[in-house]
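S.K.: Contents are mmCIF, C-alpha atoms and all ligand atoms; file name entry.cif:
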data_structure
loop_
_atom_site.label_atom_id
_atom_site.label_comp_id
_atom_site.auth_asym_id
_atom_site.auth_seq_id
_atom_site.Cartn_x
_atom_site.Cartn_y
_atom_site.Cartn_z
CA MET F 4 82.93 2.83 -91.28
CA ASP F 5 79.45 4.34 -91.05
CA ASP F 6 77.94 0.86 -90.84
CA ARG F 7 80.25 -0.04 -87.96
CA THR F 8 79.50 3.20 -86.16
CA ASN F 9 75.80 2.47 -86.48
CA THR F 10 76.30 -1.09 -85.20
CA ILE F 11 78.31 0.18 -82.22
CA ALA F 12 75.68 2.85 -81.52
CA GLY F 13 73.02 0.14 -81.73
CA TRP F 14 74.80 -2.08 -79.19
CA VAL F 15 75.36 0.87 -76.85
CA LEU F 16 71.67 1.69 -77.06
CA ALA F 17 70.73 -1.93 -76.42
CA ALA F 18 73.09 -2.02 -73.45
CA CYS F 19 71.47 1.13 -72.06
CA GLY F 20 68.05 -0.43 -72.47
CA ALA F 21 69.18 -3.60 -70.71
CA ALA F 22 70.74 -1.58 -67.87
CA LEU F 23 67.51 0.40 -67.48
CA GLY F 24 65.48 -2.80 -67.40
CA LEU F 25 67.80 -4.30 -64.81
CA SER F 26 67.69 -1.18 -62.66
CA ILE F 27 63.87 -1.26 -62.72
CA VAL F 28 63.77 -4.96 -61.76
CA GLY F 29 66.47 -4.34 -59.18
CA GLY F 30 64.51 -1.42 -57.80
CA MET F 31 61.48 -3.63 -57.41
CA ILE F 32 63.51 -6.25 -55.55
CA PHE F 33 65.08 -3.66 -53.26
CA HIS F 34 61.72 -2.05 -52.64
CA SER F 35 60.18 -5.37 -51.58
CA GLY F 36 63.18 -5.80 -49.28
CA GLU F 37 62.52 -2.42 -47.70
CA VAL F 38 58.89 -3.30 -47.05
CA GLU F 39 59.90 -6.51 -45.28
CA LYS F 40 62.42 -4.68 -43.10
CA SER F 41 60.12 -1.79 -42.16
CA GLY F 42 58.00 -4.17 -40.07
CA TYR F 43 60.68 -4.66 -37.43
CA PRO F 44 61.03 -1.10 -36.09
CA ILE F 45 57.25 -0.96 -35.60
CA GLU F 46 57.33 -4.13 -33.48
CA ALA F 47 60.19 -2.71 -31.44
CA ALA F 48 58.23 0.48 -30.85
CA GLU F 49 55.26 -1.54 -29.60
CA GLU F 50 57.44 -3.45 -27.16
CA GLU F 51 58.87 -0.23 -25.77
CA GLY F 52 55.41 1.26 -25.33
CA GLY F 53 54.14 -1.79 -23.47
CA GLY F 54 57.13 -1.94 -21.14
CA GLY F 55 56.98 1.74 -20.20
CA ALA F 56 53.55 1.66 -18.56
CA ALA F 57 53.87 2.10 -14.81
CA GLU F 58 51.16 2.68 -12.22
CA VAL F 59 51.42 5.65 -9.90
CA PRO F 60 50.63 4.47 -6.34
CA ILE F 61 47.04 5.26 -5.38
CA ALA F 62 48.25 6.93 -2.16
CA THR F 63 50.10 9.53 -4.24
CA LEU F 64 47.00 10.23 -6.33
CA LEU F 65 44.74 10.37 -3.27
CA ALA F 66 46.93 13.08 -1.74
CA SER F 67 46.08 15.38 -4.64
CA ALA F 68 42.54 14.08 -5.23
CA ASP F 69 39.54 16.40 -5.52
CA ALA F 70 36.29 15.19 -3.90
CA ALA F 71 34.22 17.70 -5.91
CA LYS F 72 35.53 16.15 -9.11
CA GLY F 73 34.81 12.75 -7.58
CA ALA F 74 31.16 13.79 -7.08
CA ASP F 75 31.12 14.54 -10.79
CA VAL F 76 32.53 11.13 -11.66
CA PHE F 77 29.89 9.55 -9.42
CA LYS F 78 27.27 10.52 -12.02
CA LYS F 79 28.49 7.42 -13.89
CA CYS F 80 27.58 5.31 -10.88
CA ALA F 81 24.28 7.01 -10.02
CA ALA F 82 22.38 4.93 -12.57
CA CYS F 83 22.82 1.97 -10.24
CA HIS F 84 23.85 3.40 -6.85
CA THR F 85 22.56 5.89 -4.30
CA ILE F 86 25.07 7.32 -1.83
CA ASN F 87 22.89 9.27 0.63
CA GLN F 88 22.51 7.87 4.15
CA GLY F 89 19.71 5.31 4.17
CA GLY F 90 19.35 5.58 0.39
CA ALA F 91 17.55 2.82 -1.42
CA ALA F 92 19.38 0.06 -3.21
CA GLY F 93 19.08 0.19 -6.96
CA ILE F 94 20.69 -2.23 -9.36
CA GLY F 95 23.65 -1.90 -6.98
CA PRO F 96 23.66 -1.42 -3.19
CA ASN F 97 23.51 1.96 -1.46
CA LEU F 98 27.10 3.15 -1.07
CA TYR F 99 26.84 5.34 2.06
CA ALA F 100 29.79 4.66 4.40
CA THR F 101 31.09 1.84 2.22
CA MET F 102 34.77 2.72 2.74
CA GLY F 103 36.08 0.75 5.72
CA LYS F 104 33.02 -1.54 5.79
CA PRO F 105 33.14 -5.25 4.91
CA VAL F 106 33.08 -6.01 1.18
CA ALA F 107 29.55 -7.03 0.18
CA GLY F 108 28.42 -5.87 3.64
CA HIS F 109 25.24 -3.85 3.07
CA ALA F 110 22.44 -5.81 4.72
CA GLY F 111 19.57 -6.79 2.47
CA PHE F 112 21.41 -6.58 -0.84
CA ALA F 113 21.70 -9.77 -2.88
CA TYR F 114 25.41 -9.68 -3.71
CA SER F 115 26.97 -12.06 -6.20
CA ASP F 116 28.98 -14.96 -4.81
CA ALA F 117 31.98 -13.45 -6.65
CA LEU F 118 31.89 -10.30 -4.50
CA LYS F 119 30.98 -12.16 -1.29
CA LYS F 120 34.09 -14.33 -1.77
CA VAL F 121 36.46 -11.33 -1.73
CA GLY F 122 36.33 -10.83 2.04
CA GLY F 123 37.99 -8.11 4.13
CA ASN F 124 37.02 -4.45 4.31
CA TRP F 125 36.97 -1.82 1.59
CA ASP F 126 40.30 -0.03 1.93
CA PHE F 127 41.89 2.38 -0.56
CA GLU F 128 43.89 -0.31 -2.40
CA LYS F 129 40.88 -2.63 -2.74
CA MET F 130 38.56 0.14 -3.88
CA ASN F 131 41.15 1.29 -6.44
CA ALA F 132 41.50 -2.24 -7.83
CA TRP F 133 37.71 -2.74 -7.87
CA LEU F 134 37.03 0.52 -9.69
CA THR F 135 39.86 -0.11 -12.18
CA SER F 136 38.11 -3.25 -13.35
CA PRO F 137 35.27 -4.81 -11.33
CA ARG F 138 35.42 -7.89 -13.56
CA LYS F 139 39.12 -8.50 -12.86
CA PHE F 140 38.82 -7.76 -9.15
CA ALA F 141 35.85 -10.11 -8.66
CA PRO F 142 35.37 -12.29 -11.74
CA GLY F 143 31.65 -13.01 -12.06
CA THR F 144 30.50 -9.83 -10.26
CA LYS F 145 27.02 -8.48 -10.95
CA MET F 146 28.42 -4.96 -11.35
CA THR F 147 28.39 -4.62 -15.12
CA PHE F 148 30.52 -1.50 -15.13
CA ALA F 149 33.66 -1.53 -17.26
CA GLY F 150 35.72 0.43 -14.72
CA LEU F 151 37.41 3.82 -14.56
CA SER F 152 40.61 3.70 -16.61
CA ASN F 153 41.81 7.16 -15.51
CA PRO F 154 43.74 6.78 -12.20
CA GLN F 155 43.00 10.37 -11.14
CA ASP F 156 39.26 9.80 -11.70
CA ARG F 157 39.48 6.80 -9.38
CA ALA F 158 41.38 8.75 -6.73
CA ASN F 159 38.84 11.58 -6.93
CA ILE F 160 35.83 9.29 -6.56
CA ILE F 161 37.45 7.26 -3.76
CA VAL F 162 38.02 10.47 -1.79
CA TYR F 163 34.40 11.42 -2.48
CA LEU F 164 33.13 7.99 -1.40
CA ASN F 165 35.25 8.26 1.74
CA GLN F 166 33.62 11.58 2.63
CA GLN F 167 30.14 10.02 2.51
CA GLY F 168 29.92 8.62 6.01
CA SER F 169 33.35 6.94 6.30
CA ASN F 170 36.08 9.57 6.68
CA LEU F 171 38.96 7.09 6.93
CA PRO F 172 42.37 8.76 7.21
CA LEU F 173 43.99 8.90 3.76
CA PRO F 174 47.08 6.73 3.36
CA ALA F 175 50.39 8.59 3.52
CA ALA F 176 51.79 9.48 0.12
CA PRO F 177 54.81 7.25 -0.64
CA ALA F 178 57.50 9.91 -1.11
CA PRO F 179 57.84 11.26 2.47
CA GLY F 180 56.72 7.93 4.01
CA ALA F 181 58.57 4.99 5.58
CA GLU F 182 61.16 2.83 3.79
CA PRO F 183 58.86 0.32 2.08
CA ALA F 184 56.77 3.18 0.73
CA THR F 185 59.89 4.94 -0.56
CA ASP F 186 60.92 1.73 -2.27
CA GLY F 187 57.54 1.67 -3.95
CA GLY F 188 58.15 5.17 -5.27
CA ASN F 189 61.57 4.16 -6.55
CA THR F 190 60.18 1.08 -8.24
CA VAL F 191 57.70 3.17 -10.12
CA GLN F 192 60.33 5.67 -11.15
CA GLY F 193 62.61 2.82 -12.14
CA GLY F 194 59.81 1.27 -14.17
CA GLY F 195 59.13 4.53 -15.95
CA GLY F 196 62.81 5.24 -16.45
CA GLY F 197 63.48 1.61 -17.35
CA GLY F 198 62.08 2.17 -20.79
CA ALA F 199 64.23 5.23 -21.38
CA ALA F 200 67.46 4.08 -19.70
CA PRO F 201 68.49 1.43 -22.28
CA ASP F 202 67.82 3.92 -25.07
CA ALA F 203 69.93 6.53 -23.30
CA ALA F 204 72.71 3.96 -22.80
CA ASN F 205 72.53 3.07 -26.48
CA ALA F 206 72.67 6.71 -27.42
CA VAL F 207 75.72 7.22 -25.20
CA ASP F 208 77.37 4.16 -26.76
CA ALA F 209 76.62 5.48 -30.22
CA VAL F 210 78.03 8.90 -29.34
CA GLU F 211 81.13 7.32 -27.83
CA LYS F 212 81.65 5.21 -30.94
CA ASP F 213 81.20 8.26 -33.13
CA VAL F 214 83.64 10.27 -31.06
CA ARG F 215 86.22 7.48 -31.27
CA GLY F 216 85.78 7.40 -35.02
CA GLN F 217 86.05 11.17 -35.30
CA THR F 218 89.04 11.48 -33.00
CA GLY F 219 90.70 8.76 -35.07
CA ASP F 220 90.24 10.88 -38.17
CA ILE F 221 91.39 13.99 -36.39
CA ALA F 222 94.54 12.24 -35.16
CA ASN F 223 95.31 11.11 -38.70
CA THR F 224 94.83 14.51 -40.25
CA ALA F 225 96.50 16.27 -37.35
CA THR F 226 99.79 14.45 -37.78
CA PRO F 227 100.72 15.97 -41.12
CA ALA F 228 99.14 19.28 -40.10
CA SER F 229 101.43 19.52 -37.08
CA GLY F 230 104.30 20.14 -39.47
CA ALA F 231 102.59 23.20 -40.86
CA PRO F 232 102.71 25.46 -37.76
CA SER F 233 106.50 24.95 -37.61
CA VAL F 234 106.61 26.54 -41.02
CA ASP F 235 104.16 29.35 -40.26
CA PRO F 236 106.02 30.86 -37.28
CA ALA F 237 109.13 30.84 -39.38
CA ALA F 238 107.25 32.58 -42.16
CA GLN F 239 105.92 35.13 -39.65
CA LYS F 240 109.44 35.76 -38.40
CA GLN F 241 110.67 36.23 -41.90
CA THR F 242 107.85 38.53 -43.08
CA GLY F 243 106.90 40.29 -39.77
CA ARG F 244 110.23 40.83 -38.04
C1 LIG M 301 25.35 -0.95 -14.19
C2 LIG M 301 25.12 -0.72 -12.79
C3 LIG M 301 26.30 -0.25 -11.96
C4 LIG M 301 27.10 0.83 -12.18
C5 LIG M 301 27.09 1.83 -13.35
C6 LIG M 301 28.03 0.89 -11.07
N1 LIG M 301 27.76 -0.15 -10.21
FE1 LIG M 301 28.71 -0.50 -8.47
N2 LIG M 301 27.63 -2.17 -8.19
C7 LIG M 301 26.65 -2.64 -9.03
C8 LIG M 301 26.21 -3.93 -8.61
C9 LIG M 301 25.13 -4.78 -9.26
C10 LIG M 301 26.97 -4.24 -7.46
C11 LIG M 301 26.94 -5.55 -6.67
C12 LIG M 301 28.03 -6.40 -7.27
C13 LIG M 301 28.03 -7.85 -6.88
O1 LIG M 301 27.27 -8.24 -6.01
O2 LIG M 301 28.81 -8.59 -7.51
C14 LIG M 301 27.85 -3.11 -7.24
C15 LIG M 301 28.72 -3.03 -6.15
C16 LIG M 301 29.51 -1.93 -5.90
C17 LIG M 301 30.36 -1.79 -4.74
C18 LIG M 301 30.51 -2.79 -3.61
C19 LIG M 301 29.56 -2.38 -2.51
C20 LIG M 301 29.62 -3.28 -1.29
O3 LIG M 301 28.72 -3.18 -0.49
O4 LIG M 301 30.60 -4.05 -1.14
C21 LIG M 301 30.96 -0.59 -4.84
C22 LIG M 301 31.93 0.03 -3.86
C23 LIG M 301 30.52 0.02 -6.07
N3 LIG M 301 29.64 -0.82 -6.68
C24 LIG M 301 30.92 1.25 -6.51
C25 LIG M 301 30.58 1.75 -7.76
C26 LIG M 301 31.11 3.00 -8.27
C27 LIG M 301 32.04 3.93 -7.51
C28 LIG M 301 30.60 3.15 -9.52
C29 LIG M 301 30.86 4.27 -10.51
C30 LIG M 301 32.23 4.52 -10.83
C31 LIG M 301 29.72 2.02 -9.76
N4 LIG M 301 29.76 1.19 -8.67
C32 LIG M 301 28.99 1.84 -10.91
C33 LIG M 301 26.15 -1.98 -10.15
C34 LIG M 301 26.72 -0.86 -10.72
#
So, in terms of structure tokens, how does the structure I just supplied come out?

M.R.:
Amino acid sequence: MDDRTNTIAGWVLAACGAALGLSIVGGMIFHSGEVEKSGYPIEAAEEEGGGGAAEVPIATLLASADAAKGADVFKKCAACHTINQGGAAGIGPNLYATMGKPVAGHAGFAYSDALKKVGGNWDFEKMNAWLTSPRKFAPGTKMTFAGLSNPQDRANIIVYLNQQGSNLPLPAAPAPGAEPATDGGNTVQGGGGGGAAPDAANAVDAVEKDVRGQTGDIANTATPASGAPSVDPAAQKQTGR
């Protein structure tokens, strides 16, 4: 009997060891599975981030722009540009009264063909695009300046530039403006909200599904429970009155 007990104990021990080994191997497999899966949510997050970026119209930013701050931003330009009336050209042309003047229009400056090709006058939209990325606005330009990535910096410096000899009227901010301008405002809001709206819809769907599931449970448990109150009032009548 003792021998058999020992044999049984031995097999049980062996089985435990095998189960432990399996669980370790299984854990490794499941872990590798988790690592593979965890890549997908990160990709999804990147897509959402990319889709949510929306530009605020320059007219809106100009309305709240600060020329004094623009003068500060101009320090980045001063290495290559003067802005005083009759100032000398440096690496770049003098920028006095540039707003409203023809693009590449300062006499005596050797502009690149890229900038000469642009044509038209410097308006707020053009200047905003140019200062966002000179290279994208006029591929091949001689202005080796990366651009101002902060939209408010651009608005501030454009207002400052405008005050130096141009004084063009600022464009109307989109919100109180005419219909096309209002549409522009809506588009931007829609673009910004576009990223959030599907998520919100999903959340609502999820909540609705949950509620359906919960109400289903409640209905099931409520049916037998509904019998109970019919007993309780009777009990109250018996004990209380
Ligand atoms: C590294 C030197 C450099 C810096 C810094 C620089 N620019 Fe320029 N800029 C140039 C050159 C060179 C040109 C002429 C470009 C061409 O011909 O393609 C130019 C042209 C321009 C023009 C067009 C002028 C015209 O007559 O059409 C504007 C406007 C301008 N720059 C504004 C700015 C502003 C604003 C900044 C600062 C935010 C700035 N630049 C910074 C070198 C510079």

S.K.: Please identify all protein, DNA and RNA residues within 7 Å of ligand LIG 301 (chain M), counting all atoms listed in the file, and report them as a ChimeraX atom specification.

M.R.: /F:76-77,79-84,94-96,98,101,105-109,113-118,130,134,143-148,150-151,160

S.K.: I need the chosen residues saved as a PDB file, in the frame of the given file, with C-alpha atoms.

M.R.:
ATOM      1  CA  VAL F  76      32.530  11.130 -11.660  1.00  0.00           C
ATOM      2  CA  PHE F  77      29.890   9.550  -9.420  1.00  0.00           C
ATOM      3  CA  LYS F  79      28.490   7.420 -13.890  1.00  0.00           C
ATOM      4  CA  CYS F  80      27.580   5.310 -10.880  1.00  0.00           C
ATOM      5  CA  ALA F  81      24.280   7.010 -10.020  1.00  0.00           C
ATOM      6  CA  ALA F  82      22.380   4.930 -12.570  1.00  0.00           C
ATOM      7  CA  CYS F  83      22.820   1.970 -10.240  1.00  0.00           C
ATOM      8  CA  HIS F  84      23.850   3.400  -6.850  1.00  0.00           C
ATOM      9  CA  ILE F  94      20.690  -2.230  -9.360  1.00  0.00           C
ATOM     10  CA  GLY F  95      23.650  -1.900  -6.980  1.00  0.00           C
ATOM     11  CA  PRO F  96      23.660  -1.420  -3.190  1.00  0.00           C
ATOM     12  CA  LEU F  98      27.100   3.150  -1.070  1.00  0.00           C
ATOM     13  CA  THR F 101      31.090   1.840   2.220  1.00  0.00           C
ATOM     14  CA  PRO F 105      33.140  -5.250   4.910  1.00  0.00           C
ATOM     15  CA  VAL F 106      33.080  -6.010   1.180  1.00  0.00           C
ATOM     16  CA  ALA F 107      29.550  -7.030   0.180  1.00  0.00           C
ATOM     17  CA  GLY F 108      28.420  -5.870   3.640  1.00  0.00           C
ATOM     18  CA  HIS F 109      25.240  -3.850   3.070  1.00  0.00           C
ATOM     19  CA  ALA F 113      21.700  -9.770  -2.880  1.00  0.00           C
ATOM     20  CA  TYR F 114      25.410  -9.680  -3.710  1.00  0.00           C
ATOM     21  CA  SER F 115      26.970 -12.060  -6.200  1.00  0.00           C
ATOM     22  CA  ASP F 116      28.980 -14.960  -4.810  1.00  0.00           C
ATOM     23  CA  ALA F 117      31.980 -13.450  -6.650  1.00  0.00           C
ATOM     24  CA  LEU F 118      31.890 -10.300  -4.500  1.00  0.00           C
ATOM     25  CA  MET F 130      38.560   0.140  -3.880  1.00  0.00           C
ATOM     26  CA  LEU F 134      37.030   0.520  -9.690  1.00  0.00           C
ATOM     27  CA  GLY F 143      31.650 -13.010 -12.060  1.00  0.00           C
ATOM     28  CA  THR F 144      30.500  -9.830 -10.260  1.00  0.00           C
ATOM     29  CA  LYS F 145      27.020  -8.480 -10.950  1.00  0.00           C
ATOM     30  CA  MET F 146      28.420  -4.960 -11.350  1.00  0.00           C
ATOM     31  CA  THR F 147      28.390  -4.620 -15.120  1.00  0.00           C
ATOM     32  CA  PHE F 148      30.520  -1.500 -15.130  1.00  0.00           C
ATOM     33  CA  GLY F 150      35.720   0.430 -14.720  1.00  0.00           C
ATOM     34  CA  LEU F 151      37.410   3.820 -14.560  1.00  0.00           C
ATOM     35  CA  ILE F 160      35.830   9.290  -6.560  1.00  0.00           C
TER      36      ILE F 160
END

S.K.: Would you mind listing what lies within 10 Å of F:Asn87 as a PyMOL selection string, with only C-alpha atoms counted and same-chain residues fewer than 6 positions away left out?

M.R.: chain F and resi 97-100+167-168

S.K.: Name all residues at most 10 Å from F:Ala71 (count all atoms listed in the file; drop same-chain ones fewer than 2 positions away) and give them as a ChimeraX atom specification.

M.R.: /F:68-69,73-77,159-160,162-163

S.K.: Could you please determine the separation between atom CA of F:Phe112 and atom CA of F:Ile161 in Å, to one decimal place?

M.R.: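 That distance, rounded to one decimal, is 21.4 Å.
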
S.K.: Record the distance separating atom CA of F:Arg7 and atom CA of F:Ala21, expressed in Å with one decimal.

M.R.: 20.8 Å

S.K.: Provide the atom CA of F:Thr85 to atom CA of F:Arg138 distance in Å, to one decimal place.

M.R.: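 Interatomic distance, atom CA of F:Thr85 to atom CA of F:Arg138: 21.0 Å.
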
S.K.: Once 8 Å is added on each side, what are the centre and the three edge lengths, in Å to one decimal, of the axis-aligned box enclosing the listed atoms of stretch 59-73 of chain F? Present them as lines of an AutoDock Vina configuration file.

M.R.:
center_x = 42.8
center_y = 11.1
center_z = -5.8
size_x = 33.2
size_y = 29.2
size_z = 24.2
